[in-house]
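Chemist: Below is start-v1.pdb; it holds PDB, C-alpha atoms.
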```
ATOM      1  CA  MET Y   1    -152.511 -77.295  35.868
ATOM      2  CA  ALA Y   2    -150.127 -78.489  33.151
ATOM      3  CA  GLY Y   3    -150.331 -82.226  32.679
ATOM      4  CA  VAL Y   4    -153.360 -82.738  34.930
ATOM      5  CA  PRO Y   5    -156.264 -84.510  33.129
ATOM      6  CA  PHE Y   6    -159.347 -82.348  32.974
ATOM      7  CA  ASP Y   7    -161.440 -84.852  34.908
ATOM      8  CA  GLN Y   8    -158.978 -84.547  37.794
ATOM      9  CA  LEU Y   9    -158.991 -80.771  38.203
ATOM     10  CA  GLU Y  10    -160.446 -79.261  41.343
ATOM     11  CA  GLY Y  11    -163.286 -76.795  41.569
ATOM     12  CA  THR Y  12    -166.944 -76.458  40.695
ATOM     13  CA  ILE Y  13    -168.989 -77.145  37.571
ATOM     14  CA  TRP Y  14    -172.562 -76.039  36.912
ATOM     15  CA  TYR Y  15    -174.460 -79.166  35.894
ATOM     16  CA  ASN Y  16    -178.190 -79.177  35.067
ATOM     17  CA  GLY Y  17    -179.011 -76.211  37.265
ATOM     18  CA  LYS Y  18    -176.772 -77.015  40.237
ATOM     19  CA  PHE Y  19    -173.186 -76.304  41.216
ATOM     20  CA  VAL Y  20    -171.437 -79.606  41.878
ATOM     21  CA  ASP Y  21    -167.895 -80.632  42.785
ATOM     22  CA  TRP Y  22    -165.691 -80.975  39.712
ATOM     23  CA  ALA Y  23    -165.233 -84.718  40.286
ATOM     24  CA  ASP Y  24    -168.987 -85.309  40.492
ATOM     25  CA  ALA Y  25    -169.850 -83.846  37.063
ATOM     26  CA  LYS Y  26    -170.310 -87.217  35.353
ATOM     27  CA  VAL Y  27    -172.418 -88.812  32.619
ATOM     28  CA  HIS Y  28    -173.160 -92.451  31.874
ATOM     29  CA  VAL Y  29    -171.131 -94.165  29.152
ATOM     30  CA  LEU Y  30    -174.371 -94.952  27.270
ATOM     31  CA  ASN Y  31    -174.944 -91.347  26.427
ATOM     32  CA  HIS Y  32    -176.285 -90.130  23.098
ATOM     33  CA  GLY Y  33    -173.943 -87.143  23.019
ATOM     34  CA  LEU Y  34    -170.946 -89.464  23.295
ATOM     35  CA  HIS Y  35    -172.094 -92.114  20.809
ATOM     36  CA  TYR Y  36    -173.782 -89.923  18.189
ATOM     37  CA  ALA Y  37    -172.145 -86.491  18.678
ATOM     38  CA  SER Y  38    -175.432 -84.817  19.617
ATOM     39  CA  CYS Y  39    -173.555 -82.156  21.556
ATOM     40  CA  VAL Y  40    -173.047 -78.421  21.058
ATOM     41  CA  PHE Y  41    -170.670 -76.150  22.911
ATOM     42  CA  GLU Y  42    -169.142 -72.708  23.221
ATOM     43  CA  GLY Y  43    -165.651 -71.486  24.034
ATOM     44  CA  GLN Y  44    -165.488 -68.020  25.559
ATOM     45  CA  ARG Y  45    -162.906 -65.970  27.407
ATOM     46  CA  ALA Y  46    -163.010 -63.829  30.513
ATOM     47  CA  TYR Y  47    -160.570 -60.939  30.730
ATOM     48  CA  GLY Y  48    -160.240 -59.251  34.089
ATOM     49  CA  GLY Y  49    -163.477 -60.849  35.226
ATOM     50  CA  GLU Y  50    -165.528 -59.734  32.222
ATOM     51  CA  ILE Y  51    -166.682 -62.401  29.763
ATOM     52  CA  TYR Y  52    -166.161 -61.020  26.282
ATOM     53  CA  LYS Y  53    -169.291 -61.013  24.100
ATOM     54  CA  LEU Y  54    -171.087 -63.419  26.428
ATOM     55  CA  ASP Y  55    -174.515 -62.621  24.949
ATOM     56  CA  GLU Y  56    -173.347 -63.562  21.453
ATOM     57  CA  HIS Y  57    -171.840 -66.816  22.657
ATOM     58  CA  THR Y  58    -174.988 -67.800  24.526
ATOM     59  CA  ARG Y  59    -177.198 -66.999  21.548
ATOM     60  CA  ARG Y  60    -174.974 -69.131  19.335
ATOM     61  CA  LEU Y  61    -175.124 -71.999  21.830
ATOM     62  CA  ARG Y  62    -178.913 -71.880  21.727
ATOM     63  CA  GLU Y  63    -178.995 -71.660  17.941
ATOM     64  CA  SER Y  64    -176.541 -74.565  17.638
ATOM     65  CA  GLY Y  65    -178.893 -76.684  19.741
ATOM     66  CA  LYS Y  66    -181.848 -75.767  17.557
ATOM     67  CA  ILE Y  67    -179.897 -76.732  14.441
ATOM     68  CA  LEU Y  68    -179.315 -80.150  16.021
ATOM     69  CA  GLY Y  69    -183.005 -80.393  16.857
ATOM     70  CA  PHE Y  70    -183.189 -79.556  20.543
ATOM     71  CA  ASP Y  71    -183.887 -76.587  22.809
ATOM     72  CA  LEU Y  72    -181.837 -75.583  25.831
ATOM     73  CA  PRO Y  73    -183.893 -76.028  29.025
ATOM     74  CA  TYR Y  74    -182.469 -72.822  30.546
ATOM     75  CA  SER Y  75    -182.901 -69.210  29.491
ATOM     76  CA  ASP Y  76    -180.085 -67.080  28.131
ATOM     77  CA  GLU Y  77    -180.285 -64.972  31.298
ATOM     78  CA  VAL Y  78    -179.752 -68.028  33.512
ATOM     79  CA  ILE Y  79    -176.807 -69.201  31.429
ATOM     80  CA  ASN Y  80    -175.190 -65.758  31.427
ATOM     81  CA  ASP Y  81    -175.664 -65.228  35.166
ATOM     82  CA  THR Y  82    -174.341 -68.712  35.839
ATOM     83  CA  CYS Y  83    -171.171 -68.022  33.854
ATOM     84  CA  TYR Y  84    -170.382 -65.061  36.089
ATOM     85  CA  GLU Y  85    -171.277 -66.901  39.282
ATOM     86  CA  LEU Y  86    -169.044 -69.755  38.210
ATOM     87  CA  LEU Y  87    -166.119 -67.361  37.733
ATOM     88  CA  GLU Y  88    -166.663 -66.103  41.276
ATOM     89  CA  ARG Y  89    -166.908 -69.590  42.763
ATOM     90  CA  MET Y  90    -163.745 -70.642  40.930
ATOM     91  CA  ASN Y  91    -161.985 -67.390  41.922
ATOM     92  CA  LEU Y  92    -161.063 -66.768  38.289
ATOM     93  CA  SER Y  93    -160.445 -63.503  36.482
ATOM     94  CA  ASP Y  94    -158.669 -64.443  33.239
ATOM     95  CA  ALA Y  95    -160.301 -67.685  32.208
ATOM     96  CA  TYR Y  96    -161.804 -69.911  29.565
ATOM     97  CA  LEU Y  97    -165.442 -70.980  29.904
ATOM     98  CA  ARG Y  98    -167.041 -73.980  28.227
ATOM     99  CA  PRO Y  99    -170.870 -74.062  28.221
ATOM    100  CA  PHE Y 100    -172.212 -77.156  26.469
ATOM    101  CA  ALA Y 101    -175.403 -79.117  25.950
ATOM    102  CA  TRP Y 102    -176.005 -82.720  24.933
ATOM    103  CA  ARG Y 103    -178.627 -85.420  24.571
ATOM    104  CA  GLY Y 104    -178.951 -87.906  27.409
ATOM    105  CA  SER Y 105    -179.272 -91.682  27.716
ATOM    106  CA  GLU Y 106    -183.002 -92.366  27.347
ATOM    107  CA  MET Y 107    -182.474 -93.629  23.784
ATOM    108  CA  MET Y 108    -179.377 -95.290  22.352
ATOM    109  CA  ALA Y 109    -180.024 -95.277  18.621
ATOM    110  CA  ILE Y 110    -180.019 -92.856  15.728
ATOM    111  CA  SER Y 111    -183.477 -91.685  16.769
ATOM    112  CA  ALA Y 112    -183.277 -89.576  19.887
ATOM    113  CA  GLN Y 113    -186.543 -87.659  20.154
ATOM    114  CA  GLN Y 114    -187.182 -88.762  23.753
ATOM    115  CA  THR Y 115    -183.766 -87.924  25.162
ATOM    116  CA  SER Y 116    -183.448 -85.273  27.851
ATOM    117  CA  ILE Y 117    -181.207 -82.279  27.207
ATOM    118  CA  HIS Y 118    -178.387 -81.718  29.676
ATOM    119  CA  VAL Y 119    -176.462 -78.469  30.099
ATOM    120  CA  ALA Y 120    -173.206 -77.846  31.925
ATOM    121  CA  ILE Y 121    -170.701 -75.006  32.248
ATOM    122  CA  ALA Y 122    -167.064 -75.372  33.255
ATOM    123  CA  ALA Y 123    -164.379 -72.720  33.679
ATOM    124  CA  TRP Y 124    -160.632 -72.862  34.171
ATOM    125  CA  ALA Y 125    -157.667 -70.529  34.189
ATOM    126  CA  TRP Y 126    -156.403 -69.833  30.704
ATOM    127  CA  PRO Y 127    -154.146 -66.883  29.959
ATOM    128  CA  SER Y 128    -153.207 -66.036  26.376
ATOM    129  CA  TYR Y 129    -151.694 -68.876  24.361
ATOM    130  CA  PHE Y 130    -148.562 -66.825  23.672
ATOM    131  CA  THR Y 131    -146.818 -63.689  24.841
ATOM    132  CA  ARG Y 132    -146.825 -60.928  22.244
ATOM    133  CA  GLU Y 133    -143.174 -61.713  21.463
ATOM    134  CA  GLU Y 134    -143.898 -65.415  20.955
ATOM    135  CA  ARG Y 135    -146.944 -64.649  18.855
ATOM    136  CA  LEU Y 136    -144.995 -62.364  16.544
ATOM    137  CA  LYS Y 137    -142.815 -65.276  15.465
ATOM    138  CA  GLY Y 138    -145.821 -66.655  13.577
ATOM    139  CA  LEU Y 139    -147.262 -70.155  13.428
ATOM    140  CA  ARG Y 140    -146.351 -72.814  10.865
ATOM    141  CA  LEU Y 141    -149.265 -74.606   9.195
ATOM    142  CA  ASP Y 142    -149.522 -77.696   7.059
ATOM    143  CA  ILE Y 143    -152.362 -78.217   4.559
ATOM    144  CA  ALA Y 144    -154.851 -80.816   5.794
ATOM    145  CA  LYS Y 145    -155.984 -83.749   3.679
ATOM    146  CA  TYR Y 146    -159.480 -83.640   5.198
ATOM    147  CA  ARG Y 147    -161.794 -80.975   3.872
ATOM    148  CA  ARG Y 148    -164.716 -78.996   5.177
ATOM    149  CA  PRO Y 149    -167.902 -80.713   3.932
ATOM    150  CA  ALA Y 150    -170.537 -79.175   1.686
ATOM    151  CA  PRO Y 151    -173.420 -77.361   3.433
ATOM    152  CA  GLU Y 152    -175.815 -80.065   2.236
ATOM    153  CA  THR Y 153    -173.862 -82.742   4.124
ATOM    154  CA  ALA Y 154    -173.295 -81.217   7.590
ATOM    155  CA  PRO Y 155    -174.859 -78.498   9.809
ATOM    156  CA  PHE Y 156    -171.845 -76.201   9.500
ATOM    157  CA  ALA Y 157    -173.514 -73.217  11.204
ATOM    158  CA  ALA Y 158    -173.698 -75.129  14.501
ATOM    159  CA  LYS Y 159    -170.755 -75.275  16.869
ATOM    160  CA  ALA Y 160    -171.306 -79.004  17.182
ATOM    161  CA  ALA Y 161    -168.931 -81.617  18.553
ATOM    162  CA  GLY Y 162    -169.076 -83.965  15.564
ATOM    163  CA  LEU Y 163    -167.804 -81.318  13.157
ATOM    164  CA  TYR Y 164    -164.476 -81.216  15.001
ATOM    165  CA  MET Y 165    -163.474 -84.831  14.385
ATOM    166  CA  ILE Y 166    -161.625 -84.003  11.167
ATOM    167  CA  CYS Y 167    -160.061 -81.000  12.910
ATOM    168  CA  THR Y 168    -158.462 -83.210  15.553
ATOM    169  CA  LEU Y 169    -157.213 -85.634  12.910
ATOM    170  CA  SER Y 170    -155.789 -82.796  10.807
ATOM    171  CA  LYS Y 171    -154.087 -81.083  13.740
ATOM    172  CA  HIS Y 172    -152.530 -84.348  14.936
ATOM    173  CA  GLU Y 173    -151.145 -85.051  11.486
ATOM    174  CA  ALA Y 174    -149.743 -81.520  11.211
ATOM    175  CA  GLU Y 175    -148.117 -81.710  14.647
ATOM    176  CA  ALA Y 176    -146.531 -85.041  13.744
ATOM    177  CA  LYS Y 177    -144.808 -83.245  10.862
ATOM    178  CA  GLY Y 178    -143.531 -80.440  13.104
ATOM    179  CA  TYR Y 179    -146.243 -77.876  12.301
ATOM    180  CA  THR Y 180    -148.493 -76.140  14.833
ATOM    181  CA  ASP Y 181    -151.769 -76.462  12.962
ATOM    182  CA  ALA Y 182    -153.265 -77.117   9.537
ATOM    183  CA  LEU Y 183    -155.091 -75.098   6.923
ATOM    184  CA  MET Y 184    -158.272 -76.809   5.793
ATOM    185  CA  LEU Y 185    -159.755 -76.518   2.325
ATOM    186  CA  ASP Y 186    -163.429 -77.057   1.622
ATOM    187  CA  TRP Y 187    -165.050 -79.715  -0.550
ATOM    188  CA  ARG Y 188    -164.507 -77.516  -3.615
ATOM    189  CA  GLY Y 189    -160.782 -77.156  -2.952
ATOM    190  CA  GLN Y 190    -161.123 -73.548  -1.752
ATOM    191  CA  VAL Y 191    -159.327 -72.180   1.320
ATOM    192  CA  ALA Y 192    -161.641 -72.496   4.343
ATOM    193  CA  GLU Y 193    -160.089 -72.157   7.823
ATOM    194  CA  ALA Y 194    -157.606 -73.646  10.273
ATOM    195  CA  THR Y 195    -158.651 -76.542  12.507
ATOM    196  CA  GLY Y 196    -160.110 -74.257  15.177
ATOM    197  CA  ALA Y 197    -159.728 -70.709  13.894
ATOM    198  CA  ASN Y 198    -160.643 -68.528  10.934
ATOM    199  CA  VAL Y 199    -157.944 -67.373   8.528
ATOM    200  CA  PHE Y 200    -157.134 -63.967   7.010
ATOM    201  CA  PHE Y 201    -154.614 -62.786   4.439
ATOM    202  CA  VAL Y 202    -153.131 -59.372   3.647
ATOM    203  CA  LYS Y 203    -152.280 -58.119   0.177
ATOM    204  CA  ASP Y 204    -151.672 -54.576  -1.114
ATOM    205  CA  GLY Y 205    -153.110 -52.955   2.011
ATOM    206  CA  ALA Y 206    -156.350 -54.953   2.011
ATOM    207  CA  ILE Y 207    -157.481 -57.965   4.017
ATOM    208  CA  HIS Y 208    -158.839 -61.034   2.252
ATOM    209  CA  THR Y 209    -160.713 -63.831   3.990
ATOM    210  CA  PRO Y 210    -162.805 -66.798   2.799
ATOM    211  CA  LYS Y 211    -166.584 -66.513   2.757
ATOM    212  CA  PRO Y 212    -167.990 -68.604   5.648
ATOM    213  CA  ASP Y 213    -170.434 -70.586   3.536
ATOM    214  CA  CYS Y 214    -169.422 -74.025   4.846
ATOM    215  CA  PHE Y 215    -167.633 -73.314   8.109
ATOM    216  CA  LEU Y 216    -168.312 -71.366  11.296
ATOM    217  CA  ASP Y 217    -168.442 -67.576  11.005
ATOM    218  CA  GLY Y 218    -166.525 -66.989  14.213
ATOM    219  CA  ILE Y 219    -167.409 -64.316  16.743
ATOM    220  CA  THR Y 220    -163.743 -63.301  16.866
ATOM    221  CA  ARG Y 221    -163.693 -63.283  13.067
ATOM    222  CA  ARG Y 222    -166.522 -60.751  12.949
ATOM    223  CA  THR Y 223    -164.902 -58.689  15.696
ATOM    224  CA  VAL Y 224    -161.602 -58.435  13.825
ATOM    225  CA  ILE Y 225    -163.395 -57.501  10.598
ATOM    226  CA  ASP Y 226    -165.117 -54.671  12.485
ATOM    227  CA  LEU Y 227    -161.816 -53.517  14.013
ATOM    228  CA  ALA Y 228    -160.153 -53.469  10.595
ATOM    229  CA  LYS Y 229    -163.000 -51.480   9.050
ATOM    230  CA  LYS Y 230    -162.815 -48.939  11.887
ATOM    231  CA  ARG Y 231    -159.255 -48.274  10.763
ATOM    232  CA  GLY Y 232    -160.386 -47.833   7.171
ATOM    233  CA  ILE Y 233    -158.863 -51.138   6.053
ATOM    234  CA  GLU Y 234    -160.682 -52.790   3.172
ATOM    235  CA  VAL Y 235    -161.908 -56.292   4.034
ATOM    236  CA  VAL Y 236    -162.755 -58.566   1.117
ATOM    237  CA  GLU Y 237    -164.728 -61.748   1.819
ATOM    238  CA  ARG Y 238    -164.321 -63.943  -1.249
ATOM    239  CA  VAL Y 239    -163.326 -67.270  -2.724
ATOM    240  CA  ILE Y 240    -159.614 -67.908  -2.150
ATOM    241  CA  MET Y 241    -157.837 -70.717  -3.967
ATOM    242  CA  PRO Y 242    -154.676 -72.424  -2.643
ATOM    243  CA  ASP Y 243    -152.581 -71.250  -5.601
ATOM    244  CA  GLU Y 244    -153.168 -67.658  -4.417
ATOM    245  CA  LEU Y 245    -151.210 -68.214  -1.207
ATOM    246  CA  ALA Y 246    -147.969 -67.205  -2.909
ATOM    247  CA  SER Y 247    -149.386 -63.750  -3.628
ATOM    248  CA  PHE Y 248    -150.272 -62.837  -0.032
ATOM    249  CA  GLU Y 249    -147.877 -60.855   2.153
ATOM    250  CA  GLN Y 250    -149.298 -61.605   5.605
ATOM    251  CA  CYS Y 251    -151.542 -64.208   7.193
ATOM    252  CA  PHE Y 252    -153.176 -64.502  10.604
ATOM    253  CA  LEU Y 253    -155.720 -66.619  12.469
ATOM    254  CA  THR Y 254    -158.585 -65.485  14.687
ATOM    255  CA  GLY Y 255    -160.525 -67.298  17.378
ATOM    256  CA  THR Y 256    -161.503 -67.152  21.035
ATOM    257  CA  ALA Y 257    -158.454 -69.228  21.985
ATOM    258  CA  ALA Y 258    -156.119 -67.978  19.242
ATOM    259  CA  GLU Y 259    -157.251 -64.332  19.549
ATOM    260  CA  VAL Y 260    -155.238 -62.769  16.663
ATOM    261  CA  THR Y 261    -152.203 -64.922  15.882
ATOM    262  CA  PRO Y 262    -149.866 -64.421  12.907
ATOM    263  CA  VAL Y 263    -148.919 -67.231  10.549
ATOM    264  CA  SER Y 264    -145.391 -67.305   9.148
ATOM    265  CA  GLN Y 265    -145.752 -70.373   6.919
ATOM    266  CA  ILE Y 266    -148.372 -72.555   5.243
ATOM    267  CA  ALA Y 267    -146.716 -75.590   3.650
ATOM    268  CA  SER Y 268    -144.148 -74.052   1.242
ATOM    269  CA  TYR Y 269    -145.618 -70.525   1.388
ATOM    270  CA  ASN Y 270    -144.041 -67.932   3.683
ATOM    271  CA  PHE Y 271    -145.536 -64.766   5.173
ATOM    272  CA  GLU Y 272    -144.187 -61.786   7.060
ATOM    273  CA  VAL Y 273    -145.581 -60.699  10.401
ATOM    274  CA  GLY Y 274    -146.356 -57.211   9.131
ATOM    275  CA  GLU Y 275    -147.604 -53.978  10.622
ATOM    276  CA  MET Y 276    -151.250 -54.587   9.760
ATOM    277  CA  THR Y 277    -151.246 -57.875  11.637
ATOM    278  CA  LYS Y 278    -149.439 -56.300  14.600
ATOM    279  CA  THR Y 279    -151.952 -53.448  14.658
ATOM    280  CA  LEU Y 280    -154.892 -55.850  14.740
ATOM    281  CA  ILE Y 281    -153.244 -57.844  17.539
ATOM    282  CA  ASP Y 282    -153.021 -54.657  19.585
ATOM    283  CA  ASP Y 283    -156.528 -53.513  18.629
ATOM    284  CA  TYR Y 284    -158.036 -56.846  19.633
ATOM    285  CA  THR Y 285    -156.093 -56.886  22.904
ATOM    286  CA  ALA Y 286    -157.487 -53.441  23.711
ATOM    287  CA  GLU Y 287    -160.990 -54.456  22.592
ATOM    288  CA  VAL Y 288    -161.313 -57.387  25.006
ATOM    289  CA  GLN Y 289    -160.115 -55.531  28.083
ATOM    290  CA  PRO Y 290    -162.783 -54.882  30.765
ATOM    291  CA  LYS Y 291    -164.615 -51.609  30.339
ATOM    292  CA  GLY Y 292    -166.178 -50.148  33.459
ATOM    293  CA  ASP Y 293    -167.381 -51.991  36.554
ATOM    294  CA  VAL Y 294    -168.046 -55.647  35.731
ATOM    295  CA  ARG Y 295    -170.499 -55.911  38.637
ATOM    296  CA  LEU Y 296    -172.613 -53.104  37.193
ATOM    297  CA  LYS Y 297    -172.624 -54.801  33.800
ATOM    298  CA  LYS Y 298    -173.925 -57.997  35.394
ATOM    299  CA  ALA Y 299    -176.614 -56.131  37.287
ATOM    300  CA  SER Y 300    -177.855 -54.473  34.111
TER     301      SER Y 300
END
```
Would you mind giving the structure from this file in structure tokens?

Modeler:
Amino acid sequence: MAGVPFDQLEGTIWYNGKFVDWADAKVHVLNHGLHYASCVFEGQRAYGGEIYKLDEHTRRLRESGKILGFDLPYSDEVINDTCYELLERMNLSDAYLRPFAWRGSEMMAISAQQTSIHVAIAAWAWPSYFTREERLKGLRLDIAKYRRPAPETAPFAAKAAGLYMICTLSKHEAEAKGYTDALMLDWRGQVAEATGANVFFVKDGAIHTPKPDCFLDGITRRTVIDLAKKRGIEVVERVIMPDELASFEQCFLTGTAAEVTPVSQIASYNFEVGEMTKTLIDDYTAEVQPKGDVRLKKAS
């Protein structure tokens, strides 16, 4: 699949209630979602044929749509069942799934009350980004010039396409400098997140992470917090300023794609890939593995 454009892959996509050939899943260029970013989406992973926390992802997709002012025309049950049927049709076990919804072409202006809502789901093979050995080397991050906007200026609780524009710009700039990703601050100058993942720090046996008051409170983020607390690790959600980075011993990112990935450097600040980070990598890997008969889970 490497190097093949996504519109040229082979397979099946669920599009507005029907399974269609991959090449036939098209929209018109005069599409409100394209021109005005009225699009919401999810990114979720299947491990061994089981889609991890599918219910939570689907609920967030629906809530994201509501935040942008529209309702999904399909029930959560239909979306969930479709995700599993799509895995079967694509003959996938370890995969990434992308459900998304967007406004159509009936209106091409800021106002879009009369647009229809389209929903599609795609899936493709996607093993872990890195082997455990590669991951333990740690990522190198720059500090982005763009910042997460204030809650009064953007619907930060929605996983909405438009909110990722500054993420793409920041990641491109970081990669051009030889980094893997970038740490983003918020409008106040506080540490927020990476371009597509939440960030955690370790100091004196406790975990510190920014309060998600202007960026997405990730499903993986909440999962890792729960895993840490099960081990009796203190988790402190608080304001973190950039000048504190020198005081932290470890750093890691969390996200559906990133899973739990250590960070070895942010700009001039260095971190060790310590035992707490390694433990949480292993705990998360164990957490997402299929438990029981996937078919029975679907039937229930």

Chemist: Taking into account all atoms listed in the file, which residue in the set Y:Tyr36, Y:Tyr96, Y:Phe6, Y:Phe248 is nearest to Gly205 in chain Y?

Modeler: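 Closest to Gly205 in chain Y, using all atoms listed in the file: Y:Phe248.
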
Chemist: Evaluate the PyMOL selection byres ((chain Y and resi 196) around 9) on the structure here and hand back the selected residues as JSON, numbers by chain.

Modeler: {"Y": [164, 167, 181, 193, 194, 195, 197, 198, 254, 255, 257, 258]}

Chemist: Using only C-alpha atoms, find each residue in range 157-262 of chain Y having at least one atom no more than 12 Å away from range 270-277 of chain Y; report its shortest atom-to-atom pair and that distance in Å (one decimal), rows by chain then rising number, as a tab-separated table.

Modeler:
```
residue	atom	partner	partner_atom	distance
Y:Phe200	CA	Y:Thr277	CA	9.7
Y:Phe201	CA	Y:Phe271	CA	9.3
Y:Val202	CA	Y:Met276	CA	8.0
Y:Lys203	CA	Y:Met276	CA	10.3
Y:Asp204	CA	Y:Met276	CA	10.9
Y:Gly205	CA	Y:Met276	CA	8.1
Y:Ala206	CA	Y:Met276	CA	9.3
Y:Ile207	CA	Y:Met276	CA	9.1
Y:Val224	CA	Y:Thr277	CA	10.6
Y:Leu227	CA	Y:Met276	CA	11.4
Y:Ala228	CA	Y:Met276	CA	9.0
Y:Arg231	CA	Y:Met276	CA	10.2
Y:Gly232	CA	Y:Met276	CA	11.7
Y:Ile233	CA	Y:Met276	CA	9.1
Y:Glu234	CA	Y:Met276	CA	11.6
Y:Leu245	CA	Y:Asn270	CA	8.7
Y:Ala246	CA	Y:Asn270	CA	7.7
Y:Ser247	CA	Y:Phe271	CA	9.7
Y:Phe248	CA	Y:Phe271	CA	7.3
Y:Glu249	CA	Y:Phe271	CA	5.5
Y:Gln250	CA	Y:Phe271	CA	4.9
Y:Cys251	CA	Y:Phe271	CA	6.4
Y:Phe252	CA	Y:Thr277	CA	7.0
Y:Leu253	CA	Y:Thr277	CA	9.9
Y:Thr254	CA	Y:Thr277	CA	11.0
Y:Glu259	CA	Y:Thr277	CA	11.8
Y:Val260	CA	Y:Thr277	CA	8.1
Y:Thr261	CA	Y:Thr277	CA	8.3
Y:Pro262	CA	Y:Val273	CA	6.2
```

Chemist: Name the closest residue to Gly104 in chain Y among the candidates Y:Ser64, Y:Asn31, Y:Ser170, Y:Asn16; distances are taken between atoms, counting all atoms listed in the file.

Modeler: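 Selected residue with least distance to Gly104 in chain Y: Y:Asn31.
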
Chemist: Enumerate, as a PyMOL selection string, the residues matched when the PyMOL selection byres ((chain Y and resi 140-148) around 6) is run on the file above.

Modeler: chain Y and resi 139+149+170+174+179-187+264-267

Chemist: Using C-alpha atoms, can you export the residues from the last selection as a PDB file, in the coordinates of the input?

Modeler:
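Written output follows (selection_29.pdb):
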```pdb
ATOM      1  CA  LEU Y 139    -147.262 -70.155  13.428  1.00  0.00           C
ATOM      2  CA  PRO Y 149    -167.902 -80.713   3.932  1.00  0.00           C
ATOM      3  CA  SER Y 170    -155.789 -82.796  10.807  1.00  0.00           C
ATOM      4  CA  ALA Y 174    -149.743 -81.520  11.211  1.00  0.00           C
ATOM      5  CA  TYR Y 179    -146.243 -77.876  12.301  1.00  0.00           C
ATOM      6  CA  THR Y 180    -148.493 -76.140  14.833  1.00  0.00           C
ATOM      7  CA  ASP Y 181    -151.769 -76.462  12.962  1.00  0.00           C
ATOM      8  CA  ALA Y 182    -153.265 -77.117   9.537  1.00  0.00           C
ATOM      9  CA  LEU Y 183    -155.091 -75.098   6.923  1.00  0.00           C
ATOM     10  CA  MET Y 184    -158.272 -76.809   5.793  1.00  0.00           C
ATOM     11  CA  LEU Y 185    -159.755 -76.518   2.325  1.00  0.00           C
ATOM     12  CA  ASP Y 186    -163.429 -77.057   1.622  1.00  0.00           C
ATOM     13  CA  TRP Y 187    -165.050 -79.715  -0.550  1.00  0.00           C
ATOM     14  CA  SER Y 264    -145.391 -67.305   9.148  1.00  0.00           C
ATOM     15  CA  GLN Y 265    -145.752 -70.373   6.919  1.00  0.00           C
ATOM     16  CA  ILE Y 266    -148.372 -72.555   5.243  1.00  0.00           C
ATOM     17  CA  ALA Y 267    -146.716 -75.590   3.650  1.00  0.00           C
TER      18      ALA Y 267
END
```

Chemist: Which one of Y:Pro151, Y:Arg98, Y:Thr209, Y:Gly218 sits closest to Val235 in chain Y if you count all atoms listed in the file?

Modeler: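 Checking each candidate against Val235 in chain Y, we get Y:Thr209 as the closest.
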
Chemist: Calculated over all atoms listed in the file, which of the candidates Y:Gln289, Y:Thr279, Y:Thr82, Y:Thr220 has the smallest distance to Ala123 in chain Y?

Modeler: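 Under the stated criterion, the closest residue is Y:Thr82.
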
Chemist: Using only C-alpha atoms for the distances, tell me which of Y:Glu173, Y:Glu85, Y:Asp71, Y:Glu152 is nearest to Asp213 in chain Y.

Modeler: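 For Asp213 in chain Y, the nearest of the given residues is Y:Glu152.
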
Chemist: Between CA of Phe41 in chain Y and CA of Trp14 in chain Y, what is the spacing in Å?

Modeler: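 These two atoms are separated by 14.1 Å.
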
Chemist: Excluding same-chain residues fewer than 3 positions from Pro73 in chain Y, what lies within 8 Å of it counting only C-alpha atoms, as a list in words?

Modeler: Ile117, His118 and Val119 of chain Y

Chemist: Quick one: of Y:Cys39, Y:Leu34, Y:Ile51, Y:Leu92, who's nearest to Val288 in chain Y, counting all atoms listed in the file?

Modeler: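 Once distances to Val288 in chain Y are computed over all atoms listed in the file, the minimum belongs to Y:Ile51.
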
Chemist: List the residues matched by the PyMOL selection byres ((chain Y and resi 155) around 12) in the displayed structure as a short mmCIF file (atom, residue, chain, number, x, y, z; two decimals) with C-alpha atoms, in the coordinates of the input, ordered by chain and then by residue number.

Modeler:
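Final output, saved to selection_16.cif:
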```
data_model
loop_
_atom_site.label_atom_id
_atom_site.label_comp_id
_atom_site.auth_asym_id
_atom_site.auth_seq_id
_atom_site.Cartn_x
_atom_site.Cartn_y
_atom_site.Cartn_z
CA SER Y 38 -175.43 -84.82 19.62
CA VAL Y 40 -173.05 -78.42 21.06
CA GLU Y 63 -179.00 -71.66 17.94
CA SER Y 64 -176.54 -74.56 17.64
CA GLY Y 65 -178.89 -76.68 19.74
CA LYS Y 66 -181.85 -75.77 17.56
CA ILE Y 67 -179.90 -76.73 14.44
CA LEU Y 68 -179.32 -80.15 16.02
CA GLY Y 69 -183.00 -80.39 16.86
CA ARG Y 148 -164.72 -79.00 5.18
CA PRO Y 149 -167.90 -80.71 3.93
CA ALA Y 150 -170.54 -79.18 1.69
CA PRO Y 151 -173.42 -77.36 3.43
CA GLU Y 152 -175.82 -80.06 2.24
CA THR Y 153 -173.86 -82.74 4.12
CA ALA Y 154 -173.30 -81.22 7.59
CA PHE Y 156 -171.84 -76.20 9.50
CA ALA Y 157 -173.51 -73.22 11.20
CA ALA Y 158 -173.70 -75.13 14.50
CA LYS Y 159 -170.76 -75.28 16.87
CA ALA Y 160 -171.31 -79.00 17.18
CA ALA Y 161 -168.93 -81.62 18.55
CA GLY Y 162 -169.08 -83.96 15.56
CA LEU Y 163 -167.80 -81.32 13.16
CA TYR Y 164 -164.48 -81.22 15.00
CA ASP Y 213 -170.43 -70.59 3.54
CA CYS Y 214 -169.42 -74.03 4.85
CA PHE Y 215 -167.63 -73.31 8.11
CA LEU Y 216 -168.31 -71.37 11.30
#
```

Chemist: Which residues come within 12 Å of Asp21 in chain Y, counting all atoms listed in the file, excluding same-chain residues fewer than 5 positions away, as a VMD selection string?

Modeler: chain Y and resid 7 to 15 26 86 89 to 90 122

Chemist: In the coordinates of the file, take the point (-173.9, -64.2, 26.1) and a cut-off of 12 Å; then, counting only C-alpha atoms, name each qualifying protein, DNA or RNA residue as number ranges by chain.

Modeler: Y: 42-46, 50-62, 75-84, 97, 99, 219, 298
